[in-house]
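This is data31.pdb. It holds PDB, C-alpha atoms.
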ATOM      1  CA  MET A   1     -17.697 -10.881   4.075  1.00  0.00           C
ATOM      2  CA  ALA A   2     -14.406 -10.835   5.978  1.00  0.00           C
ATOM      3  CA  ILE A   3     -11.380  -8.559   5.771  1.00  0.00           C
ATOM      4  CA  ALA A   4      -8.159 -10.586   5.477  1.00  0.00           C
ATOM      5  CA  VAL A   5      -5.764  -7.623   5.568  1.00  0.00           C
ATOM      6  CA  LEU A   6      -6.241  -3.977   6.466  1.00  0.00           C
ATOM      7  CA  GLY A   7      -3.925  -2.246   4.004  1.00  0.00           C
ATOM      8  CA  CYS A   8      -1.798   0.629   5.225  1.00  0.00           C
ATOM      9  CA  TYR A   9       1.002   0.688   2.687  1.00  0.00           C
ATOM     10  CA  ILE A  10       3.640   3.120   3.903  1.00  0.00           C
ATOM     11  CA  ASN A  11       7.334   3.696   3.250  1.00  0.00           C
ATOM     12  CA  PRO A  12       8.961   2.517   6.507  1.00  0.00           C
ATOM     13  CA  VAL A  13      12.404   3.766   5.390  1.00  0.00           C
ATOM     14  CA  HIS A  14      11.215   7.145   4.082  1.00  0.00           C
ATOM     15  CA  PRO A  15      14.202   9.513   3.770  1.00  0.00           C
ATOM     16  CA  ASP A  16      12.373  12.427   5.404  1.00  0.00           C
ATOM     17  CA  ARG A  17      12.223  11.746   9.144  1.00  0.00           C
ATOM     18  CA  GLU A  18       9.176  13.937   9.729  1.00  0.00           C
ATOM     19  CA  GLU A  19       7.268  12.211   6.953  1.00  0.00           C
ATOM     20  CA  LEU A  20       8.438   8.821   8.219  1.00  0.00           C
ATOM     21  CA  GLU A  21       7.065   9.678  11.651  1.00  0.00           C
ATOM     22  CA  ARG A  22       3.691  10.663  10.147  1.00  0.00           C
ATOM     23  CA  GLN A  23       3.490   7.395   8.241  1.00  0.00           C
ATOM     24  CA  LEU A  24       4.447   5.282  11.237  1.00  0.00           C
ATOM     25  CA  LEU A  25       1.814   7.013  13.362  1.00  0.00           C
ATOM     26  CA  ARG A  26      -0.788   6.264  10.682  1.00  0.00           C
ATOM     27  CA  PHE A  27       0.191   2.598  10.675  1.00  0.00           C
ATOM     28  CA  GLU A  28       0.028   2.476  14.470  1.00  0.00           C
ATOM     29  CA  GLU A  29      -3.476   3.916  14.312  1.00  0.00           C
ATOM     30  CA  HIS A  30      -4.481   1.112  11.935  1.00  0.00           C
ATOM     31  CA  LEU A  31      -3.015  -1.442  14.351  1.00  0.00           C
ATOM     32  CA  ARG A  32      -5.066  -0.035  17.219  1.00  0.00           C
ATOM     33  CA  PHE A  33      -8.351  -0.132  15.299  1.00  0.00           C
ATOM     34  CA  ALA A  34      -7.839  -3.235  13.120  1.00  0.00           C
ATOM     35  CA  ARG A  35      -9.786  -5.443  15.522  1.00  0.00           C
ATOM     36  CA  ASP A  36     -12.795  -3.186  15.118  1.00  0.00           C
ATOM     37  CA  PHE A  37     -12.908  -4.371  11.490  1.00  0.00           C
ATOM     38  CA  GLY A  38     -12.682  -8.009  12.529  1.00  0.00           C
ATOM     39  CA  CYS A  39      -9.163  -8.157  11.126  1.00  0.00           C
ATOM     40  CA  ALA A  40      -5.867  -8.653  12.937  1.00  0.00           C
ATOM     41  CA  VAL A  41      -3.426  -8.020  10.090  1.00  0.00           C
ATOM     42  CA  VAL A  42      -2.287  -4.565   8.940  1.00  0.00           C
ATOM     43  CA  GLY A  43      -0.125  -4.787   5.833  1.00  0.00           C
ATOM     44  CA  THR A  44       2.628  -2.797   4.151  1.00  0.00           C
ATOM     45  CA  GLU A  45       5.520  -3.207   1.761  1.00  0.00           C
ATOM     46  CA  THR A  46       9.002  -2.177   2.930  1.00  0.00           C
ATOM     47  CA  GLY A  47       9.715   0.901   0.821  1.00  0.00           C
ATOM     48  CA  SER A  48      12.902   2.414  -0.544  1.00  0.00           C
ATOM     49  CA  LEU A  49      15.050   5.490  -0.042  1.00  0.00           C
ATOM     50  CA  ASN A  50      12.964   7.272  -2.660  1.00  0.00           C
ATOM     51  CA  PRO A  51       9.786   8.801  -1.205  1.00  0.00           C
ATOM     52  CA  ASP A  52       7.641   7.083  -3.864  1.00  0.00           C
ATOM     53  CA  CYS A  53       9.241   3.670  -3.140  1.00  0.00           C
ATOM     54  CA  SER A  54      10.857   3.479  -6.580  1.00  0.00           C
ATOM     55  CA  TYR A  55      14.323   2.030  -7.141  1.00  0.00           C
ATOM     56  CA  HIS A  56      17.213   3.681  -5.288  1.00  0.00           C
ATOM     57  CA  PRO A  57      20.691   2.069  -5.366  1.00  0.00           C
ATOM     58  CA  SER A  58      21.273   2.505  -1.641  1.00  0.00           C
ATOM     59  CA  THR A  59      18.041   0.814  -0.598  1.00  0.00           C
ATOM     60  CA  GLN A  60      19.854  -2.519  -0.488  1.00  0.00           C
ATOM     61  CA  ASN A  61      22.597  -1.473   1.930  1.00  0.00           C
ATOM     62  CA  GLN A  62      22.838  -2.480   5.586  1.00  0.00           C
ATOM     63  CA  GLU A  63      22.001   0.989   6.873  1.00  0.00           C
ATOM     64  CA  THR A  64      18.637   0.942   5.105  1.00  0.00           C
ATOM     65  CA  PHE A  65      17.913  -2.557   6.388  1.00  0.00           C
ATOM     66  CA  ASP A  66      18.688  -1.363   9.923  1.00  0.00           C
ATOM     67  CA  ARG A  67      16.364   1.600   9.388  1.00  0.00           C
ATOM     68  CA  LEU A  68      13.617  -0.780   8.322  1.00  0.00           C
ATOM     69  CA  CYS A  69      14.206  -2.946  11.374  1.00  0.00           C
ATOM     70  CA  GLY A  70      13.860   0.096  13.616  1.00  0.00           C
ATOM     71  CA  SER A  71      10.494   0.980  12.072  1.00  0.00           C
ATOM     72  CA  VAL A  72       9.226  -2.590  12.177  1.00  0.00           C
ATOM     73  CA  GLU A  73      10.343  -3.078  15.799  1.00  0.00           C
ATOM     74  CA  ARG A  74       8.345  -0.005  16.773  1.00  0.00           C
ATOM     75  CA  LEU A  75       5.241  -1.191  14.894  1.00  0.00           C
ATOM     76  CA  VAL A  76       5.492  -4.722  16.269  1.00  0.00           C
ATOM     77  CA  ALA A  77       5.624  -3.348  19.832  1.00  0.00           C
ATOM     78  CA  VAL A  78       2.323  -1.560  19.198  1.00  0.00           C
ATOM     79  CA  ALA A  79       0.844  -4.659  17.547  1.00  0.00           C
ATOM     80  CA  GLU A  80       1.746  -6.785  20.564  1.00  0.00           C
ATOM     81  CA  ARG A  81      -0.071  -4.390  22.885  1.00  0.00           C
ATOM     82  CA  CYS A  82      -3.151  -4.242  20.637  1.00  0.00           C
ATOM     83  CA  GLY A  83      -3.404  -7.907  19.731  1.00  0.00           C
ATOM     84  CA  SER A  84      -2.785  -7.050  16.085  1.00  0.00           C
ATOM     85  CA  VAL A  85      -0.277  -8.262  13.480  1.00  0.00           C
ATOM     86  CA  VAL A  86       2.204  -6.376  11.287  1.00  0.00           C
ATOM     87  CA  GLY A  87       2.135  -7.939   7.822  1.00  0.00           C
ATOM     88  CA  ILE A  88       5.286  -7.259   5.787  1.00  0.00           C
ATOM     89  CA  GLU A  89       5.274  -7.806   2.000  1.00  0.00           C
ATOM     90  CA  PRO A  90       8.694  -8.327   0.347  1.00  0.00           C
ATOM     91  CA  VAL A  91       9.280  -7.041  -3.195  1.00  0.00           C
ATOM     92  CA  ALA A  92      12.350  -7.916  -5.282  1.00  0.00           C
ATOM     93  CA  ASP A  93      14.824  -5.383  -6.668  1.00  0.00           C
ATOM     94  CA  GLN A  94      13.450  -2.026  -5.542  1.00  0.00           C
ATOM     95  CA  HIS A  95      12.302  -2.471  -1.942  1.00  0.00           C
ATOM     96  CA  THR A  96      14.245  -2.912   1.284  1.00  0.00           C
ATOM     97  CA  LEU A  97      13.097  -6.506   1.768  1.00  0.00           C
ATOM     98  CA  SER A  98      14.041  -7.700  -1.699  1.00  0.00           C
ATOM     99  CA  SER A  99      14.833 -11.382  -1.267  1.00  0.00           C
ATOM    100  CA  ILE A 100      14.049 -14.542   0.642  1.00  0.00           C
ATOM    101  CA  GLU A 101      17.263 -14.116   2.615  1.00  0.00           C
ATOM    102  CA  LYS A 102      16.498 -10.560   3.718  1.00  0.00           C
ATOM    103  CA  THR A 103      12.996 -11.542   4.735  1.00  0.00           C
ATOM    104  CA  GLN A 104      14.387 -14.319   6.888  1.00  0.00           C
ATOM    105  CA  ALA A 105      16.945 -11.910   8.372  1.00  0.00           C
ATOM    106  CA  LEU A 106      14.166  -9.525   9.433  1.00  0.00           C
ATOM    107  CA  ILE A 107      12.206 -12.333  11.061  1.00  0.00           C
ATOM    108  CA  ASP A 108      15.310 -13.613  12.841  1.00  0.00           C
ATOM    109  CA  ARG A 109      16.029 -10.131  14.159  1.00  0.00           C
ATOM    110  CA  ILE A 110      12.466  -9.353  15.261  1.00  0.00           C
ATOM    111  CA  ASP A 111      11.290 -12.621  16.720  1.00  0.00           C
ATOM    112  CA  SER A 112       7.649 -11.892  17.517  1.00  0.00           C
ATOM    113  CA  PRO A 113       4.369 -13.627  16.659  1.00  0.00           C
ATOM    114  CA  ALA A 114       3.057 -10.144  15.870  1.00  0.00           C
ATOM    115  CA  LEU A 115       5.318 -10.001  12.784  1.00  0.00           C
ATOM    116  CA  ARG A 116       4.098 -11.974   9.777  1.00  0.00           C
ATOM    117  CA  VAL A 117       4.717 -12.128   6.027  1.00  0.00           C
ATOM    118  CA  ILE A 118       2.298 -11.243   3.247  1.00  0.00           C
ATOM    119  CA  PHE A 119       3.674 -13.530   0.566  1.00  0.00           C
ATOM    120  CA  ASP A 120       3.329 -12.341  -3.011  1.00  0.00           C
ATOM    121  CA  PRO A 121       5.597 -14.786  -4.865  1.00  0.00           C
ATOM    122  CA  VAL A 122       5.411 -12.844  -8.133  1.00  0.00           C
ATOM    123  CA  ASN A 123       6.608  -9.689  -6.374  1.00  0.00           C
ATOM    124  CA  LEU A 124       9.552 -11.604  -4.940  1.00  0.00           C
ATOM    125  CA  ILE A 125      10.738 -12.922  -8.330  1.00  0.00           C
ATOM    126  CA  PRO A 126      13.544 -10.603  -9.550  1.00  0.00           C
ATOM    127  CA  GLN A 127      13.158  -8.662 -12.770  1.00  0.00           C
ATOM    128  CA  SER A 128      16.063 -10.634 -14.225  1.00  0.00           C
ATOM    129  CA  GLY A 129      14.313 -13.913 -13.478  1.00  0.00           C
ATOM    130  CA  LEU A 130      15.198 -16.929 -11.370  1.00  0.00           C
ATOM    131  CA  GLY A 131      18.378 -18.953 -11.540  1.00  0.00           C
ATOM    132  CA  GLU A 132      16.343 -21.983 -10.484  1.00  0.00           C
ATOM    133  CA  SER A 133      12.955 -23.511 -11.138  1.00  0.00           C
ATOM    134  CA  GLN A 134       9.883 -21.810  -9.735  1.00  0.00           C
ATOM    135  CA  GLU A 135       9.260 -24.898  -7.611  1.00  0.00           C
ATOM    136  CA  ALA A 136      12.745 -24.651  -6.068  1.00  0.00           C
ATOM    137  CA  PHE A 137      12.167 -20.956  -5.421  1.00  0.00           C
ATOM    138  CA  PHE A 138       8.866 -21.651  -3.656  1.00  0.00           C
ATOM    139  CA  LYS A 139      10.514 -24.366  -1.574  1.00  0.00           C
ATOM    140  CA  ARG A 140      13.259 -22.004  -0.384  1.00  0.00           C
ATOM    141  CA  ALA A 141      10.683 -19.379   0.543  1.00  0.00           C
ATOM    142  CA  PHE A 142       8.544 -21.777   2.546  1.00  0.00           C
ATOM    143  CA  GLU A 143      11.621 -23.149   4.311  1.00  0.00           C
ATOM    144  CA  ALA A 144      12.769 -19.630   5.198  1.00  0.00           C
ATOM    145  CA  PHE A 145       9.537 -18.047   6.423  1.00  0.00           C
ATOM    146  CA  GLY A 146       6.653 -20.443   5.754  1.00  0.00           C
ATOM    147  CA  PRO A 147       5.380 -20.495   9.361  1.00  0.00           C
ATOM    148  CA  ARG A 148       5.178 -16.682   9.329  1.00  0.00           C
ATOM    149  CA  ILE A 149       3.088 -16.386   6.148  1.00  0.00           C
ATOM    150  CA  VAL A 150      -0.302 -14.945   7.052  1.00  0.00           C
ATOM    151  CA  VAL A 151      -1.798 -14.069   3.637  1.00  0.00           C
ATOM    152  CA  VAL A 152      -0.923 -14.936   0.029  1.00  0.00           C
ATOM    153  CA  HIS A 153      -1.395 -12.800  -3.082  1.00  0.00           C
ATOM    154  CA  ALA A 154      -2.244 -14.574  -6.320  1.00  0.00           C
ATOM    155  CA  LYS A 155      -1.345 -13.045  -9.654  1.00  0.00           C
ATOM    156  CA  ASP A 156       0.779 -13.907 -12.685  1.00  0.00           C
ATOM    157  CA  PHE A 157       3.675 -12.600 -14.747  1.00  0.00           C
ATOM    158  CA  ARG A 158       5.240 -12.859 -18.181  1.00  0.00           C
ATOM    159  CA  PHE A 159       8.900 -12.936 -19.150  1.00  0.00           C
ATOM    160  CA  GLU A 160       9.709 -10.805 -22.183  1.00  0.00           C
ATOM    161  CA  LYS A 161      13.056  -9.763 -23.671  1.00  0.00           C
ATOM    162  CA  GLY A 162      14.954 -11.242 -20.745  1.00  0.00           C
ATOM    163  CA  ARG A 163      12.967  -9.346 -18.106  1.00  0.00           C
ATOM    164  CA  LYS A 164       9.936  -9.998 -15.935  1.00  0.00           C
ATOM    165  CA  SER A 165       7.065  -7.956 -17.317  1.00  0.00           C
ATOM    166  CA  GLU A 166       4.331  -6.186 -15.430  1.00  0.00           C
ATOM    167  CA  ALA A 167       2.140  -8.444 -13.300  1.00  0.00           C
ATOM    168  CA  VAL A 168      -1.030  -9.758 -14.928  1.00  0.00           C
ATOM    169  CA  ALA A 169      -4.124 -11.667 -13.857  1.00  0.00           C
ATOM    170  CA  ALA A 170      -3.743 -15.281 -12.759  1.00  0.00           C
ATOM    171  CA  GLY A 171      -3.615 -17.565 -15.783  1.00  0.00           C
ATOM    172  CA  ALA A 172      -2.350 -14.896 -18.169  1.00  0.00           C
ATOM    173  CA  GLY A 173       1.345 -15.686 -17.666  1.00  0.00           C
ATOM    174  CA  ILE A 174       3.854 -18.376 -16.752  1.00  0.00           C
ATOM    175  CA  PHE A 175       3.494 -18.635 -12.968  1.00  0.00           C
ATOM    176  CA  ASP A 176       3.460 -22.262 -11.787  1.00  0.00           C
ATOM    177  CA  PHE A 177       0.249 -22.242  -9.762  1.00  0.00           C
ATOM    178  CA  ASP A 178       0.077 -26.032  -9.488  1.00  0.00           C
ATOM    179  CA  ALA A 179       3.476 -26.273  -7.770  1.00  0.00           C
ATOM    180  CA  PHE A 180       2.775 -23.259  -5.584  1.00  0.00           C
ATOM    181  CA  PHE A 181      -0.633 -24.441  -4.412  1.00  0.00           C
ATOM    182  CA  ARG A 182       0.661 -27.924  -3.623  1.00  0.00           C
ATOM    183  CA  MET A 183       3.197 -26.397  -1.237  1.00  0.00           C
ATOM    184  CA  LEU A 184       0.690 -23.891   0.105  1.00  0.00           C
ATOM    185  CA  GLN A 185      -1.751 -26.638   1.048  1.00  0.00           C
ATOM    186  CA  ALA A 186       1.019 -28.636   2.722  1.00  0.00           C
ATOM    187  CA  GLU A 187       2.449 -25.679   4.638  1.00  0.00           C
ATOM    188  CA  LYS A 188      -0.465 -23.285   5.240  1.00  0.00           C
ATOM    189  CA  PRO A 189      -3.854 -24.990   4.906  1.00  0.00           C
ATOM    190  CA  GLY A 190      -6.745 -22.596   5.476  1.00  0.00           C
ATOM    191  CA  ILE A 191      -4.806 -19.440   4.575  1.00  0.00           C
ATOM    192  CA  ASP A 192      -6.486 -16.539   2.770  1.00  0.00           C
ATOM    193  CA  VAL A 193      -5.476 -16.230  -0.900  1.00  0.00           C
ATOM    194  CA  LEU A 194      -6.228 -12.815  -2.393  1.00  0.00           C
ATOM    195  CA  LEU A 195      -6.466 -12.160  -6.126  1.00  0.00           C
ATOM    196  CA  GLU A 196      -4.466  -9.215  -7.445  1.00  0.00           C
ATOM    197  CA  ASN A 197      -4.035  -7.531 -10.827  1.00  0.00           C
ATOM    198  CA  THR A 198      -7.492  -8.515 -11.985  1.00  0.00           C
ATOM    199  CA  THR A 199     -10.233  -6.441 -13.566  1.00  0.00           C
ATOM    200  CA  PRO A 200     -13.963  -7.122 -13.897  1.00  0.00           C
ATOM    201  CA  GLU A 201     -13.116  -8.595 -17.301  1.00  0.00           C
ATOM    202  CA  THR A 202     -10.255 -10.873 -16.210  1.00  0.00           C
ATOM    203  CA  ALA A 203     -11.485 -11.846 -12.736  1.00  0.00           C
ATOM    204  CA  PRO A 204     -13.920 -14.621 -13.783  1.00  0.00           C
ATOM    205  CA  ALA A 205     -11.277 -16.532 -15.750  1.00  0.00           C
ATOM    206  CA  ALA A 206      -8.695 -16.048 -12.993  1.00  0.00           C
ATOM    207  CA  MET A 207     -11.128 -17.293 -10.357  1.00  0.00           C
ATOM    208  CA  ALA A 208     -12.093 -20.306 -12.460  1.00  0.00           C
ATOM    209  CA  LEU A 209      -8.449 -21.251 -12.977  1.00  0.00           C
ATOM    210  CA  LEU A 210      -7.492 -20.911  -9.326  1.00  0.00           C
ATOM    211  CA  ALA A 211     -10.645 -22.655  -8.146  1.00  0.00           C
ATOM    212  CA  ALA A 212      -9.737 -25.643 -10.323  1.00  0.00           C
ATOM    213  CA  ILE A 213      -6.169 -25.687  -9.026  1.00  0.00           C
ATOM    214  CA  SER A 214      -7.465 -25.197  -5.496  1.00  0.00           C
ATOM    215  CA  ALA A 215      -9.717 -28.218  -5.849  1.00  0.00           C
ATOM    216  CA  ARG A 216      -6.877 -30.359  -7.179  1.00  0.00           C
ATOM    217  CA  SER A 217      -4.645 -29.456  -4.261  1.00  0.00           C
ATOM    218  CA  ALA A 218      -7.449 -29.314  -1.651  1.00  0.00           C
ATOM    219  CA  THR A 219      -6.633 -25.645  -0.996  1.00  0.00           C
ATOM    220  CA  PRO A 220      -9.375 -23.621   0.756  1.00  0.00           C
ATOM    221  CA  ALA A 221     -11.684 -21.269  -1.071  1.00  0.00           C
ATOM    222  CA  LEU A 222     -10.198 -18.139  -2.606  1.00  0.00           C
ATOM    223  CA  LYS A 223     -11.156 -14.563  -1.842  1.00  0.00           C
ATOM    224  CA  THR A 224     -10.988 -11.609  -4.202  1.00  0.00           C
ATOM    225  CA  SER A 225      -9.556  -8.200  -3.394  1.00  0.00           C
TER
END
As structure tokens, how would this structure be written, given the file I've shared?
Amino acid sequence: MAIAVLGCYINPVHPDREELERQLLRFEEHLRFARDFGCAVVGTETGSLNPDCSYHPSTQNQETFDRLCGSVERLVAVAERCGSVVGIEPVADQHTLSSIEKTQALIDRIDSPALRVIFDPVNLIPQSGLGESQEAFFKRAFEAFGPRIVVVHAKDFRFEKGRKSEAVAAGAGIFDFDAFFRMLQAEKPGIDVLLENTTPETAPAAMALLAAISARSATPALKTS
């Protein structure tokens, strides 16, 4: 049994500076000890100006992005010293890194091999949906930050009443796994793929579906989380 990601999901743009400092120190501690778990990657999402990471209208402004960059720069410096990796997970709409373009901007600004992307494509699809095919969306993402992807999350979503619904287990929605896995195998063979939004009841069917798709696209074995 291997650990693909050591989760330490903080709010790196927390509005309270004292609380932000506490959270950053906790993440740094994870970076220092990650190797003891046989894992290099410590992962987090990118938060919002609300303490609970819910939607805040000012999260998308430049000042908040700069605040995120300051936190990530600090964490990456620790990761470089410890031989660890900061894994950043973008989330559309409500979080600071809310798009392919912003994710690329962060990587361009902090050019370090110790900064990688945890790619959850469902999380990065906006609530209002895509103005392009899923395949085109995947292609743009891989072109923007494909070499930096370190782990992938696999789950599904539905589209109801003009909005993306809550995430569901793989196979229970409309996510184009065939197109995604074809690109994943071409761009990141051997990467860890972690199941999300599954329960003991839905996990067997999700695993069977993704194993079949994995075999068709010669993608490596899946892991559950």
Selected residue, from A:Asn61, A:Ser84, A:Ser54, A:Gln23, that lies nearest to Ala114 (chain A) when counting only C-alpha atoms: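 When distances to Ala114 (chain A) are compared using only C-alpha atoms, the smallest one comes from A:Ser84.
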Could you list, as a list of chain:residue names, every residue matched by the PyMOL selection byres ((chain A and resi 134) around 10) in this structure?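 On this input, the PyMOL selection byres ((chain A and resi 134) around 10) captures A:Pro121, A:Ile125, A:Gly129, A:Leu130, A:Gly131, A:Glu132, A:Ser133, A:Glu135, A:Ala136, A:Phe137, A:Phe138, A:Lys139, A:Arg140, A:Ile174, A:Phe175, A:Asp176, A:Phe177, A:Ala179, A:Phe180.
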Could you check the closest approach to Arg109 (chain A) for each of A:Glu80, A:Glu73, A:Asp192, A:Glu89 and tell me which residue wins, using only C-alpha atoms?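 Of A:Glu80, A:Glu73, A:Asp192, A:Glu89, the one nearest Arg109 (chain A) is A:Glu73, counting only C-alpha atoms.
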Coordinates of box centre and edge lengths for region 172-183 of chain A, 4 Å on every side, axis-aligned, as JSON:
{"center_x": 0.8, "center_y": -21.4, "center_z": -9.7, "size_x": 14.2, "size_y": 21.0, "size_z": 24.9}
Any chance you could resolve the PyMOL selection byres ((chain A and resi 196-207) around 7) against this file and give the residues as a list in words?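 Checking the PyMOL selection byres ((chain A and resi 196-207) around 7) against this file, the residues are His153, Ala154, Lys155, Ala167, Val168, Ala169, Ala170, Gly171, Leu194, Leu195, Ala208, Leu209, Leu210, Ala211 and Ser225 of chain A.
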Write out, as a compact mmCIF listing (two decimals), in the coordinates of the input, the residues just selected, with C-alpha atoms.
# COMPACT_ATOMS: atom_id res chain seq x y z
CA HIS A 153 -1.40 -12.80 -3.08
CA ALA A 154 -2.24 -14.57 -6.32
CA LYS A 155 -1.34 -13.04 -9.65
CA ALA A 167 2.14 -8.44 -13.30
CA VAL A 168 -1.03 -9.76 -14.93
CA ALA A 169 -4.12 -11.67 -13.86
CA ALA A 170 -3.74 -15.28 -12.76
CA GLY A 171 -3.62 -17.57 -15.78
CA LEU A 194 -6.23 -12.82 -2.39
CA LEU A 195 -6.47 -12.16 -6.13
CA ALA A 208 -12.09 -20.31 -12.46
CA LEU A 209 -8.45 -21.25 -12.98
CA LEU A 210 -7.49 -20.91 -9.33
CA ALA A 211 -10.64 -22.66 -8.15
CA SER A 225 -9.56 -8.20 -3.39
Written as a PyMOL selection string, which residues does the PyMOL selection byres ((chain A and resi 45) around 7) give for the file shown? chain A and resi 9-10+44+46-47+88-90
So which residues fall inside 8 Å of (2.9, 4.4, 18.2) if we count all atoms listed in the file? Mind giving them as a JSON list (two decimals) with C-alpha atoms, in the coordinates of the input?
[["chain", "number", "residue", "atom", "x", "y", "z"],
["A", 24, "LEU", "CA", 4.45, 5.28, 11.24],
["A", 25, "LEU", "CA", 1.81, 7.01, 13.36],
["A", 28, "GLU", "CA", 0.03, 2.48, 14.47],
["A", 29, "GLU", "CA", -3.48, 3.92, 14.31],
["A", 74, "ARG", "CA", 8.35, 0.00, 16.77],
["A", 75, "LEU", "CA", 5.24, -1.19, 14.89],
["A", 78, "VAL", "CA", 2.32, -1.56, 19.20]]
Please produce region 139-152 of chain A, completed to N, CA and C atoms, as a PDB file, in the coordinates of the input.
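Written file, selection03.pdb:
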ATOM      1  N   LYS A 139      10.051 -23.510  -2.670  1.00  0.00           N
ATOM      2  CA  LYS A 139      10.514 -24.366  -1.574  1.00  0.00           C
ATOM      3  C   LYS A 139      11.442 -23.586  -0.641  1.00  0.00           C
ATOM      4  N   ARG A 140      12.350 -22.806  -1.213  1.00  0.00           N
ATOM      5  CA  ARG A 140      13.259 -22.004  -0.384  1.00  0.00           C
ATOM      6  C   ARG A 140      12.479 -20.989   0.441  1.00  0.00           C
ATOM      7  N   ALA A 141      11.477 -20.379  -0.176  1.00  0.00           N
ATOM      8  CA  ALA A 141      10.683 -19.379   0.543  1.00  0.00           C
ATOM      9  C   ALA A 141       9.933 -20.010   1.710  1.00  0.00           C
ATOM     10  N   PHE A 142       9.294 -21.127   1.475  1.00  0.00           N
ATOM     11  CA  PHE A 142       8.544 -21.777   2.546  1.00  0.00           C
ATOM     12  C   PHE A 142       9.474 -22.267   3.653  1.00  0.00           C
ATOM     13  N   GLU A 143      10.663 -22.722   3.286  1.00  0.00           N
ATOM     14  CA  GLU A 143      11.621 -23.149   4.311  1.00  0.00           C
ATOM     15  C   GLU A 143      12.100 -21.971   5.146  1.00  0.00           C
ATOM     16  N   ALA A 144      12.237 -20.802   4.505  1.00  0.00           N
ATOM     17  CA  ALA A 144      12.769 -19.630   5.198  1.00  0.00           C
ATOM     18  C   ALA A 144      11.740 -18.985   6.116  1.00  0.00           C
ATOM     19  N   PHE A 145      10.520 -18.794   5.615  1.00  0.00           N
ATOM     20  CA  PHE A 145       9.537 -18.047   6.423  1.00  0.00           C
ATOM     21  C   PHE A 145       8.121 -18.596   6.318  1.00  0.00           C
ATOM     22  N   GLY A 146       7.977 -19.853   5.901  1.00  0.00           N
ATOM     23  CA  GLY A 146       6.653 -20.443   5.754  1.00  0.00           C
ATOM     24  C   GLY A 146       5.756 -20.310   6.965  1.00  0.00           C
ATOM     25  N   PRO A 147       6.245 -20.607   8.183  1.00  0.00           N
ATOM     26  CA  PRO A 147       5.380 -20.495   9.361  1.00  0.00           C
ATOM     27  C   PRO A 147       4.885 -19.075   9.626  1.00  0.00           C
ATOM     28  N   ARG A 148       5.564 -18.083   9.079  1.00  0.00           N
ATOM     29  CA  ARG A 148       5.178 -16.682   9.329  1.00  0.00           C
ATOM     30  C   ARG A 148       4.236 -16.129   8.256  1.00  0.00           C
ATOM     31  N   ILE A 149       3.978 -16.887   7.200  1.00  0.00           N
ATOM     32  CA  ILE A 149       3.088 -16.386   6.148  1.00  0.00           C
ATOM     33  C   ILE A 149       1.668 -16.309   6.690  1.00  0.00           C
ATOM     34  N   VAL A 150       1.040 -15.158   6.516  1.00  0.00           N
ATOM     35  CA  VAL A 150      -0.302 -14.945   7.052  1.00  0.00           C
ATOM     36  C   VAL A 150      -1.339 -14.763   5.953  1.00  0.00           C
ATOM     37  N   VAL A 151      -0.919 -14.282   4.784  1.00  0.00           N
ATOM     38  CA  VAL A 151      -1.798 -14.069   3.637  1.00  0.00           C
ATOM     39  C   VAL A 151      -0.964 -14.271   2.380  1.00  0.00           C
ATOM     40  N   VAL A 152      -1.604 -14.754   1.312  1.00  0.00           N
ATOM     41  CA  VAL A 152      -0.923 -14.936   0.029  1.00  0.00           C
ATOM     42  C   VAL A 152      -1.633 -14.113  -1.034  1.00  0.00           C
TER      43      VAL A 152
END
